[in-house]
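Data from input10.pdb: PDB, C-alpha atoms
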ATOM      1  CA  MET B   1      22.874 -19.420  42.540
ATOM      2  CA  LYS B   2      21.473 -20.957  39.333
ATOM      3  CA  ILE B   3      18.019 -19.680  40.256
ATOM      4  CA  ARG B   4      19.399 -16.172  40.846
ATOM      5  CA  LEU B   5      21.123 -16.281  37.465
ATOM      6  CA  LEU B   6      17.883 -17.351  35.785
ATOM      7  CA  ALA B   7      16.050 -14.526  37.530
ATOM      8  CA  LEU B   8      18.628 -12.051  36.263
ATOM      9  CA  VAL B   9      18.342 -13.404  32.720
ATOM     10  CA  GLY B  10      14.562 -13.161  32.983
ATOM     11  CA  LEU B  11      14.824  -9.579  34.202
ATOM     12  CA  ALA B  12      17.213  -8.706  31.396
ATOM     13  CA  ILE B  13      14.812 -10.194  28.818
ATOM     14  CA  SER B  14      11.838  -8.368  30.286
ATOM     15  CA  PHE B  15      13.729  -5.060  29.971
ATOM     16  CA  ALA B  16      14.996  -5.923  26.497
ATOM     17  CA  LEU B  17      11.636  -6.937  25.034
ATOM     18  CA  PRO B  18       9.895  -3.563  25.288
ATOM     19  CA  THR B  19      13.001  -1.895  23.820
ATOM     20  CA  PHE B  20      12.967  -4.356  20.906
ATOM     21  CA  ALA B  21       9.257  -3.748  20.413
ATOM     22  CA  GLN B  22       9.839  -0.002  20.383
ATOM     23  CA  GLN B  23      12.702  -0.369  17.921
ATOM     24  CA  THR B  24      10.606  -2.379  15.486
ATOM     25  CA  ASN B  25       7.718   0.119  15.632
ATOM     26  CA  ALA B  26       9.518   3.453  15.625
ATOM     27  CA  PRO B  27      10.362   4.668  12.122
ATOM     28  CA  ASP B  28      13.816   5.945  11.223
ATOM     29  CA  SER B  29      13.598   9.685  11.912
ATOM     30  CA  GLN B  30      15.558  10.699   8.803
ATOM     31  CA  LEU B  31      13.370   8.535   6.611
ATOM     32  CA  ARG B  32      10.271   9.897   8.320
ATOM     33  CA  ASP B  33      11.424  13.457   7.505
ATOM     34  CA  GLN B  34      11.918  12.443   3.871
ATOM     35  CA  LEU B  35       8.432  10.925   3.776
ATOM     36  CA  VAL B  36       6.897  14.089   5.246
ATOM     37  CA  ALA B  37       8.830  16.196   2.693
ATOM     38  CA  PHE B  38       7.452  13.972  -0.074
ATOM     39  CA  ASP B  39       3.899  14.418   1.239
ATOM     40  CA  LYS B  40       4.381  18.191   1.242
ATOM     41  CA  LYS B  41       5.456  18.164  -2.415
ATOM     42  CA  PHE B  42       2.486  15.949  -3.289
ATOM     43  CA  ASP B  43       0.031  18.196  -1.421
ATOM     44  CA  GLU B  44       1.434  21.330  -3.080
ATOM     45  CA  ALA B  45       1.116  19.885  -6.581
ATOM     46  CA  PHE B  46      -2.351  18.524  -5.782
ATOM     47  CA  ASN B  47      -3.558  21.854  -4.361
ATOM     48  CA  ASN B  48      -2.219  23.624  -7.452
ATOM     49  CA  ASN B  49      -4.308  21.153  -9.496
ATOM     50  CA  ASP B  50      -1.048  20.418 -11.305
ATOM     51  CA  ALA B  51      -1.327  17.004 -12.996
ATOM     52  CA  VAL B  52       2.225  17.138 -14.394
ATOM     53  CA  GLY B  53       3.593  18.011 -10.942
ATOM     54  CA  VAL B  54       1.681  15.182  -9.243
ATOM     55  CA  ALA B  55       2.621  12.636 -11.915
ATOM     56  CA  ALA B  56       6.296  13.630 -11.645
ATOM     57  CA  LEU B  57       6.243  12.182  -8.118
ATOM     58  CA  PHE B  58       5.469   8.716  -9.508
ATOM     59  CA  THR B  59       7.998   6.353 -11.118
ATOM     60  CA  GLU B  60       7.695   5.811 -14.830
ATOM     61  CA  ASP B  61       6.284   2.306 -14.233
ATOM     62  CA  ALA B  62       4.125   3.236 -11.220
ATOM     63  CA  LEU B  63       0.852   1.613 -10.346
ATOM     64  CA  PHE B  64      -1.961   3.789  -9.015
ATOM     65  CA  VAL B  65      -4.907   1.800  -7.673
ATOM     66  CA  THR B  66      -7.922   4.103  -7.630
ATOM     67  CA  ASP B  67     -11.261   3.080  -6.160
ATOM     68  CA  THR B  68     -12.449   2.292  -9.692
ATOM     69  CA  GLY B  69      -9.412   0.227 -10.729
ATOM     70  CA  PRO B  70      -5.662   0.270 -11.364
ATOM     71  CA  ILE B  71      -3.836   2.736 -13.625
ATOM     72  CA  TYR B  72      -0.434   1.726 -14.990
ATOM     73  CA  GLY B  73       2.450   4.093 -15.775
ATOM     74  CA  ARG B  74       3.219   7.758 -15.155
ATOM     75  CA  LYS B  75       1.687   8.957 -18.445
ATOM     76  CA  ALA B  76      -1.666   7.322 -17.692
ATOM     77  CA  ILE B  77      -1.534   8.580 -14.089
ATOM     78  CA  GLU B  78      -0.919  12.116 -15.349
ATOM     79  CA  LYS B  79      -3.954  11.810 -17.617
ATOM     80  CA  CYS B  80      -6.054  10.557 -14.705
ATOM     81  CA  PHE B  81      -5.117  13.574 -12.560
ATOM     82  CA  ALA B  82      -5.515  15.950 -15.535
ATOM     83  CA  ASP B  83      -9.082  14.631 -16.016
ATOM     84  CA  TRP B  84      -9.839  15.083 -12.319
ATOM     85  CA  PHE B  85      -8.408  18.606 -12.219
ATOM     86  CA  GLN B  86     -10.293  19.580 -15.361
ATOM     87  CA  ASN B  87     -13.663  18.658 -13.891
ATOM     88  CA  VAL B  88     -13.183  19.299 -10.194
ATOM     89  CA  HIS B  89     -11.345  21.953  -8.203
ATOM     90  CA  PHE B  90      -9.428  20.548  -5.250
ATOM     91  CA  SER B  91      -8.052  22.492  -2.304
ATOM     92  CA  ASN B  92      -6.699  21.905   1.218
ATOM     93  CA  HIS B  93      -5.348  18.479   0.275
ATOM     94  CA  VAL B  94      -3.495  17.192   3.322
ATOM     95  CA  THR B  95      -1.581  13.916   3.501
ATOM     96  CA  THR B  96      -0.740  12.508   6.925
ATOM     97  CA  ASP B  97       1.368   9.464   7.724
ATOM     98  CA  ASP B  98       0.562   6.834  10.315
ATOM     99  CA  GLN B  99       2.882   7.176  13.282
ATOM    100  CA  ASP B 100       4.895   4.016  12.615
ATOM    101  CA  SER B 101       5.456   4.829   8.913
ATOM    102  CA  PRO B 102       7.585   4.589   6.881
ATOM    103  CA  HIS B 103       8.763   0.979   6.971
ATOM    104  CA  ILE B 104      12.016   0.277   5.243
ATOM    105  CA  MET B 105      12.094  -2.583   2.723
ATOM    106  CA  GLY B 106      15.344  -4.464   2.129
ATOM    107  CA  THR B 107      18.797  -3.488   3.343
ATOM    108  CA  ALA B 108      19.896  -0.876   0.792
ATOM    109  CA  GLY B 109      17.533   1.782   2.162
ATOM    110  CA  ASN B 110      16.092   2.563  -1.257
ATOM    111  CA  GLU B 111      12.587   1.210  -0.761
ATOM    112  CA  MET B 112       9.918   1.950   1.816
ATOM    113  CA  TRP B 113       6.221   1.489   2.366
ATOM    114  CA  ALA B 114       3.898   3.686   4.351
ATOM    115  CA  THR B 115       0.263   4.057   5.275
ATOM    116  CA  GLY B 116      -1.744   7.120   6.231
ATOM    117  CA  LYS B 117      -4.767   9.314   5.756
ATOM    118  CA  TRP B 118      -5.719  12.032   3.310
ATOM    119  CA  SER B 119      -8.326  14.776   3.250
ATOM    120  CA  HIS B 120      -9.278  17.564   0.882
ATOM    121  CA  ILE B 121     -12.084  19.828  -0.248
ATOM    122  CA  PHE B 122     -13.465  19.345  -3.738
ATOM    123  CA  GLN B 123     -15.860  21.451  -5.718
ATOM    124  CA  VAL B 124     -17.522  20.639  -9.002
ATOM    125  CA  GLN B 125     -18.738  23.478 -11.211
ATOM    126  CA  ASN B 126     -21.731  25.260  -9.596
ATOM    127  CA  GLY B 127     -21.472  22.880  -6.640
ATOM    128  CA  ASP B 128     -20.739  23.483  -2.982
ATOM    129  CA  PRO B 129     -17.294  22.804  -1.533
ATOM    130  CA  THR B 130     -17.367  19.296  -0.057
ATOM    131  CA  GLN B 131     -14.975  17.676   2.383
ATOM    132  CA  ALA B 132     -13.638  14.207   1.516
ATOM    133  CA  ASN B 133     -11.184  11.952   3.276
ATOM    134  CA  GLY B 134      -9.827   8.441   3.279
ATOM    135  CA  TYR B 135      -6.835   6.187   3.684
ATOM    136  CA  TRP B 136      -3.846   5.290   1.538
ATOM    137  CA  ALA B 137      -0.901   2.934   1.343
ATOM    138  CA  ALA B 138       2.138   3.455  -0.844
ATOM    139  CA  VAL B 139       5.478   1.989  -1.803
ATOM    140  CA  LYS B 140       8.192   4.512  -2.598
ATOM    141  CA  ILE B 141      11.575   3.917  -4.148
ATOM    142  CA  ARG B 142      14.630   6.157  -4.264
ATOM    143  CA  GLU B 143      15.712   7.293  -7.721
ATOM    144  CA  GLY B 144      19.063   8.976  -7.120
ATOM    145  CA  ASP B 145      18.364  11.393  -4.259
ATOM    146  CA  VAL B 146      14.647  11.601  -4.909
ATOM    147  CA  TRP B 147      11.832   9.423  -3.558
ATOM    148  CA  LYS B 148       9.140   8.452  -6.031
ATOM    149  CA  MET B 149       5.902   6.576  -5.696
ATOM    150  CA  ARG B 150       6.050   3.065  -7.176
ATOM    151  CA  MET B 151       2.602   2.073  -5.980
ATOM    152  CA  ASN B 152      -0.283   3.895  -4.387
ATOM    153  CA  ILE B 153      -3.670   2.615  -3.365
ATOM    154  CA  TYR B 154      -6.319   4.725  -1.676
ATOM    155  CA  ASN B 155      -9.908   4.649  -0.639
ATOM    156  CA  THR B 156     -12.508   7.299   0.073
ATOM    157  CA  THR B 157     -14.522   7.089   3.266
ATOM    158  CA  PRO B 158     -18.173   7.291   2.246
ATOM    159  CA  ALA B 159     -20.079  10.319   3.473
ATOM    160  CA  PRO B 160     -22.422   9.541   6.384
ATOM    161  CA  PRO B 161     -26.075   9.161   5.365
ATOM    162  CA  PRO B 162     -28.038  12.410   5.572
ATOM    163  CA  THR B 163     -29.858  12.957   8.867
ATOM    164  CA  LYS B 164     -33.652  12.998   8.671
TER     165      LYS B 164
ATOM    166  CA  MET R 165      30.685  13.936 -36.005
ATOM    167  CA  LYS R 166      31.584  10.352 -35.215
ATOM    168  CA  ILE R 167      31.596  11.066 -31.473
ATOM    169  CA  ARG R 168      28.211  12.811 -31.710
ATOM    170  CA  SER R 169      26.714   9.831 -33.565
ATOM    171  CA  VAL R 170      28.116   7.373 -31.055
ATOM    172  CA  VAL R 171      26.850   9.451 -28.107
ATOM    173  CA  ALA R 172      23.427   9.750 -29.759
ATOM    174  CA  LEU R 173      23.323   6.007 -30.367
ATOM    175  CA  VAL R 174      24.372   5.225 -26.804
ATOM    176  CA  GLY R 175      21.746   7.673 -25.555
ATOM    177  CA  LEU R 176      19.148   6.033 -27.748
ATOM    178  CA  ALA R 177      20.201   2.595 -26.551
ATOM    179  CA  ILE R 178      19.915   3.704 -22.907
ATOM    180  CA  GLY R 179      16.525   5.233 -23.668
ATOM    181  CA  PHE R 180      15.292   1.901 -24.997
ATOM    182  CA  ALA R 181      17.074  -0.153 -22.364
ATOM    183  CA  TRP R 182      15.842   1.784 -19.316
ATOM    184  CA  PRO R 183      12.189   0.697 -19.297
ATOM    185  CA  THR R 184      13.257  -2.904 -19.978
ATOM    186  CA  PHE R 185      15.789  -2.697 -17.149
ATOM    187  CA  ALA R 186      13.148  -1.247 -14.815
ATOM    188  CA  GLN R 187      10.759  -4.064 -15.771
ATOM    189  CA  GLU R 188      13.466  -6.693 -15.251
ATOM    190  CA  GLN R 189      14.302  -5.232 -11.846
ATOM    191  CA  SER R 190      10.740  -5.601 -10.641
ATOM    192  CA  ALA R 191      10.034  -8.919 -12.370
ATOM    193  CA  VAL R 192       9.199 -11.799 -10.046
ATOM    194  CA  ASP R 193      10.982 -15.091 -10.733
ATOM    195  CA  PRO R 194       8.625 -17.988 -11.586
ATOM    196  CA  LYS R 195       9.391 -19.951  -8.388
ATOM    197  CA  THR R 196       8.591 -16.994  -6.142
ATOM    198  CA  ARG R 197       5.473 -16.222  -8.161
ATOM    199  CA  GLN R 198       4.292 -19.777  -7.643
ATOM    200  CA  GLU R 199       4.979 -19.557  -3.890
ATOM    201  CA  ILE R 200       3.056 -16.296  -3.543
ATOM    202  CA  GLU R 201       0.160 -17.649  -5.603
ATOM    203  CA  ALA R 202       0.065 -20.677  -3.296
ATOM    204  CA  VAL R 203      -0.118 -18.426  -0.200
ATOM    205  CA  LEU R 204      -2.888 -16.340  -1.776
ATOM    206  CA  MET R 205      -4.783 -19.539  -2.528
ATOM    207  CA  GLN R 206      -4.277 -20.777   1.063
ATOM    208  CA  ILE R 207      -5.620 -17.475   2.374
ATOM    209  CA  GLY R 208      -8.637 -17.645   0.052
ATOM    210  CA  GLU R 209      -9.476 -21.206   1.088
ATOM    211  CA  ALA R 210      -9.048 -20.530   4.815
ATOM    212  CA  TYR R 211     -11.122 -17.336   4.493
ATOM    213  CA  ASN R 212     -13.995 -19.152   2.819
ATOM    214  CA  LYS R 213     -13.838 -21.849   5.518
ATOM    215  CA  HIS R 214     -14.117 -19.031   8.102
ATOM    216  CA  ASP R 215     -10.882 -20.178   9.712
ATOM    217  CA  ALA R 216      -9.590 -16.905  11.202
ATOM    218  CA  THR R 217      -6.577 -18.553  12.859
ATOM    219  CA  ALA R 218      -5.383 -20.118   9.589
ATOM    220  CA  VAL R 219      -5.784 -16.842   7.684
ATOM    221  CA  ALA R 220      -4.044 -14.825  10.412
ATOM    222  CA  ALA R 221      -1.158 -17.326  10.516
ATOM    223  CA  LEU R 222      -0.199 -16.111   7.032
ATOM    224  CA  TYR R 223       0.399 -12.568   8.301
ATOM    225  CA  THR R 224       3.591 -11.531  10.132
ATOM    226  CA  HIS R 225       3.181 -10.908  13.876
ATOM    227  CA  ASP R 226       3.562  -7.153  13.253
ATOM    228  CA  ALA R 227       1.447  -7.044  10.070
ATOM    229  CA  VAL R 228      -0.504  -3.907   9.201
ATOM    230  CA  ARG R 229      -3.870  -4.113   7.487
ATOM    231  CA  VAL R 230      -5.688  -1.073   6.178
ATOM    232  CA  ASP R 231      -9.232  -2.193   5.749
ATOM    233  CA  ASN R 232     -12.104  -0.882   3.748
ATOM    234  CA  PRO R 233     -13.755   1.797   5.853
ATOM    235  CA  SER R 234     -17.119   1.759   4.093
ATOM    236  CA  GLY R 235     -19.833   0.879   6.508
ATOM    237  CA  PHE R 236     -17.540  -0.780   9.020
ATOM    238  CA  GLY R 237     -15.915   2.194  10.726
ATOM    239  CA  ARG R 238     -12.487   0.622  10.936
ATOM    240  CA  ALA R 239      -9.252   1.417   9.215
ATOM    241  CA  LEU R 240      -5.780   0.583  10.501
ATOM    242  CA  ILE R 241      -5.371  -2.800  12.161
ATOM    243  CA  VAL R 242      -1.946  -3.619  13.573
ATOM    244  CA  GLY R 243      -0.688  -7.065  14.557
ATOM    245  CA  ARG R 244      -1.663 -10.652  13.753
ATOM    246  CA  LYS R 245      -3.855 -10.982  16.849
ATOM    247  CA  ALA R 246      -5.919  -7.904  15.935
ATOM    248  CA  ILE R 247      -6.269  -9.149  12.349
ATOM    249  CA  GLU R 248      -7.483 -12.531  13.604
ATOM    250  CA  LYS R 249     -10.049 -10.834  15.830
ATOM    251  CA  LEU R 250     -11.247  -8.705  12.921
ATOM    252  CA  LEU R 251     -11.643 -11.802  10.744
ATOM    253  CA  GLU R 252     -13.655 -13.550  13.459
ATOM    254  CA  THR R 253     -16.036 -10.570  13.421
ATOM    255  CA  ASP R 254     -16.194 -10.721   9.614
ATOM    256  CA  PHE R 255     -17.140 -14.390   9.726
ATOM    257  CA  THR R 256     -20.120 -13.737  11.957
ATOM    258  CA  GLY R 257     -21.414 -10.773   9.933
ATOM    259  CA  SER R 258     -24.493 -10.756   7.738
ATOM    260  CA  TRP R 259     -22.458 -11.087   4.532
ATOM    261  CA  SER R 260     -20.328 -13.981   5.815
ATOM    262  CA  SER R 261     -22.208 -16.683   3.872
ATOM    263  CA  SER R 262     -21.096 -15.260   0.507
ATOM    264  CA  PRO R 263     -17.764 -16.629  -0.669
ATOM    265  CA  ARG R 264     -14.956 -14.234  -1.344
ATOM    266  CA  VAL R 265     -13.388 -14.541  -4.807
ATOM    267  CA  GLY R 266      -9.902 -13.228  -5.480
ATOM    268  CA  LYS R 267      -7.991 -12.821  -8.734
ATOM    269  CA  LEU R 268      -4.317 -11.906  -8.932
ATOM    270  CA  VAL R 269      -3.758  -8.917 -11.223
ATOM    271  CA  GLN R 270      -0.059  -8.148 -10.912
ATOM    272  CA  MET R 271       3.009  -8.972  -8.893
ATOM    273  CA  TYR R 272       6.358  -7.218  -8.691
ATOM    274  CA  ALA R 273       9.549  -7.629  -6.721
ATOM    275  CA  PHE R 274      11.408  -5.317  -4.395
ATOM    276  CA  GLU R 275      14.779  -6.011  -2.776
ATOM    277  CA  ASP R 276      13.445  -8.537  -0.255
ATOM    278  CA  SER R 277       9.679  -8.211  -0.609
ATOM    279  CA  ILE R 278       6.999  -8.914  -3.179
ATOM    280  CA  ALA R 279       3.981  -6.724  -3.841
ATOM    281  CA  SER R 280       0.818  -8.269  -5.245
ATOM    282  CA  ILE R 281      -2.303  -6.565  -6.512
ATOM    283  CA  SER R 282      -5.556  -8.521  -6.672
ATOM    284  CA  GLU R 283      -9.211  -7.999  -7.459
ATOM    285  CA  TRP R 284     -11.721  -9.267  -4.935
ATOM    286  CA  SER R 285     -15.470  -9.644  -4.819
ATOM    287  CA  LYS R 286     -17.906 -10.789  -2.147
ATOM    288  CA  ALA R 287     -21.671 -10.513  -2.332
ATOM    289  CA  GLN R 288     -22.442  -7.089  -3.861
ATOM    290  CA  TYR R 289     -19.029  -5.689  -2.930
ATOM    291  CA  ASN R 290     -15.821  -5.670  -4.937
ATOM    292  CA  GLY R 291     -12.527  -3.860  -5.076
ATOM    293  CA  HIS R 292      -8.773  -4.237  -5.115
ATOM    294  CA  SER R 293      -6.215  -5.259  -2.560
ATOM    295  CA  VAL R 294      -2.470  -4.794  -2.309
ATOM    296  CA  GLN R 295      -0.242  -7.052  -0.241
ATOM    297  CA  ILE R 296       3.420  -6.738   0.618
ATOM    298  CA  PHE R 297       4.900 -10.171   1.282
ATOM    299  CA  VAL R 298       8.110 -10.771   3.205
ATOM    300  CA  ARG R 299      10.069 -13.984   3.470
ATOM    301  CA  ASP R 300       9.412 -16.170   6.495
ATOM    302  CA  PRO R 301      11.725 -19.169   7.065
ATOM    303  CA  ASP R 302       9.279 -21.587   5.399
ATOM    304  CA  THR R 303       6.885 -19.418   3.443
ATOM    305  CA  TRP R 304       5.935 -15.868   2.474
ATOM    306  CA  LYS R 305       3.819 -13.848   4.875
ATOM    307  CA  ILE R 306       1.857 -10.635   4.522
ATOM    308  CA  ARG R 307       3.563  -7.649   6.167
ATOM    309  CA  MET R 308       1.110  -5.064   4.849
ATOM    310  CA  GLU R 309      -2.300  -5.363   3.258
ATOM    311  CA  TYR R 310      -4.562  -2.664   1.928
ATOM    312  CA  ILE R 311      -8.110  -3.528   1.016
ATOM    313  CA  SER R 312      -9.945  -1.030  -1.112
ATOM    314  CA  SER R 313     -13.536  -1.268  -2.214
ATOM    315  CA  ALA R 314     -15.244   0.161  -5.249
ATOM    316  CA  PRO R 315     -18.142   2.507  -4.612
ATOM    317  CA  VAL R 316     -21.328   0.473  -4.209
ATOM    318  CA  VAL R 317     -23.831   1.164  -6.977
ATOM    319  CA  THR R 318     -27.375   1.285  -5.682
ATOM    320  CA  HIS R 319     -30.372   1.116  -7.991
TER     321      HIS R 319
END

As structure tokens, what does this structure read like?
Amino acid sequence: MKIRLLALVGLAISFALPTFAQQTNAPDSQLRDQLVAFDKKFDEAFNNNDAVGVAALFTEDALFVTDTGPIYGRKAIEKCFADWFQNVHFSNHVTTDDQDSPHIMGTAGNEMWATGKWSHIFQVQNGDPTQANGYWAAVKIREGDVWKMRMNIYNTTPAPPPTK
Amino acid sequence: MKIRSVVALVGLAIGFAWPTFAQEQSAVDPKTRQEIEAVLMQIGEAYNKHDATAVAALYTHDAVRVDNPSGFGRALIVGRKAIEKLLETDFTGSWSSSPRVGKLVQMYAFEDSIASISEWSKAQYNGHSVQIFVRDPDTWKIRMEYISSAPVVTH
């Protein structure tokens, strides 16, 4: 009888474990929708080469870690994007989120982190349109009803060496 | 007139107070800072001893690591086991003899997590990394790590 009971407990655990694993990996669908909506706003502002619009999606004290170093604060981030948009024309910027993002931080539901990929086409003056892509990670916090970026770090995947 | 002045003063006070409040909210208390610094140091030491198991033990079982894609063709690594395997590969690579040097740049607090930003360098490579630490019963562990590398300058 004891053995049967143990077997039943074992069976129950074996069913419960995959469910637990799924629960820990699957993002909250409402939060996921909010993250996707945020990405859309970011992509729109980026594709409009709108530095003010992009910077408005960061918190006042945000940290933006570019591949040449960190930039502190919304004002400085706006200047960074303004410099980029002045020298380079960007289009088709697309942000995608990894399937298990976002991950909620804390219990209040006002903080989340996420990882994903980005791609866009850039063109310098008199240059050819060039595809670029890479990866990002970000922490977002809720200010009232709006999500803002508190931290963003990204990298650019180097172009493959030219074929001979 | 009086009301207007008071409202203006309150507004001004809020305007000054807000950035300070935001800074205070994300400030890390000295004890926590010390604990995180200790974990970062442990990771650095274990990494330079090529002890993949010891480094991986400081990540949560479900940790996510976004690694530098340049030249390595890898990006998102999920889970402590996968991170350990990746480190083992790193430690047998051609650049493994060069020590990795890390320097903490900034740390800030969220509700139950801490984010740290560091500079790193190894051989001719360098860049930044971001870690999100969560509380484990006895220590802090990395839940998410992003390793970014600066473009390599070739002469």

Practice task
Could you give me, as an MDAnalysis selection string, the residues within 10 Å of segment 206-223 of chain R, counting only C-alpha atoms and dropping anything in the same chain fewer than 2 positions from it?
Solution key: chainID R and resid 200:204 225:229 243:256 260:266 297:298 300 303:309

The ChimeraX specification (/R :<10) & /B on the file shown: which residues, as a compact mmCIF listing (two decimals) with C-alpha atoms, in the frame of the given file?
# COMPACT_ATOMS: atom_id res chain seq x y z
CA ALA B 21 9.26 -3.75 20.41
CA THR B 24 10.61 -2.38 15.49
CA ASN B 25 7.72 0.12 15.63
CA THR B 59 8.00 6.35 -11.12
CA GLU B 60 7.70 5.81 -14.83
CA ASP B 61 6.28 2.31 -14.23
CA LEU B 63 0.85 1.61 -10.35
CA VAL B 65 -4.91 1.80 -7.67
CA THR B 66 -7.92 4.10 -7.63
CA ASP B 67 -11.26 3.08 -6.16
CA THR B 68 -12.45 2.29 -9.69
CA GLY B 69 -9.41 0.23 -10.73
CA PRO B 70 -5.66 0.27 -11.36
CA ASP B 98 0.56 6.83 10.32
CA HIS B 103 8.76 0.98 6.97
CA MET B 105 12.09 -2.58 2.72
CA GLY B 106 15.34 -4.46 2.13
CA THR B 107 18.80 -3.49 3.34
CA ALA B 108 19.90 -0.88 0.79
CA GLY B 109 17.53 1.78 2.16
CA ASN B 110 16.09 2.56 -1.26
CA GLU B 111 12.59 1.21 -0.76
CA MET B 112 9.92 1.95 1.82
CA TRP B 113 6.22 1.49 2.37
CA ALA B 114 3.90 3.69 4.35
CA THR B 115 0.26 4.06 5.28
CA GLY B 116 -1.74 7.12 6.23
CA LYS B 117 -4.77 9.31 5.76
CA GLY B 134 -9.83 8.44 3.28
CA TYR B 135 -6.84 6.19 3.68
CA TRP B 136 -3.85 5.29 1.54
CA ALA B 137 -0.90 2.93 1.34
CA ALA B 138 2.14 3.46 -0.84
CA VAL B 139 5.48 1.99 -1.80
CA ILE B 141 11.58 3.92 -4.15
CA MET B 151 2.60 2.07 -5.98
CA ASN B 152 -0.28 3.90 -4.39
CA ILE B 153 -3.67 2.62 -3.36
CA TYR B 154 -6.32 4.72 -1.68
CA ASN B 155 -9.91 4.65 -0.64
CA THR B 156 -12.51 7.30 0.07
CA THR B 157 -14.52 7.09 3.27
CA PRO B 158 -18.17 7.29 2.25
CA ALA B 159 -20.08 10.32 3.47
CA PRO B 160 -22.42 9.54 6.38

Size and centre in Å, one decimal, axis-aligned box, all listed segment 141-158 of chain B atoms plus 6 Å per side, as JSON:
{"center_x": 0.4, "center_y": 6.8, "center_z": -2.2, "size_x": 49.2, "size_y": 21.5, "size_z": 23.0}

Problem - Coordinates-based distance that separates atom CA of Phe58 of chain B from atom CA of Ser101 of chain B (Å, one decimal) - result: 18.8 Å

Practice task
Tell me, in Å to one decimal, how far atom CA of Leu35 of chain B is from atom CA of Gln123 of chain B.
Solution key: 28.1 Å

Handout entry: 7 Å contact set for Val94 of chain B, all atoms listed in the file, chain neighbours under 4 positions out, as a PyMOL selection string
Key = chain B and resi 43+118-120

Exercise for the section: Please provide as number ranges by chain all residues within 8 Å of Ala191 of chain R, with the sequence filter that same-chain residues fewer than 5 positions apart are discarded (counting only C-alpha atoms). Expected result: R: 271-273
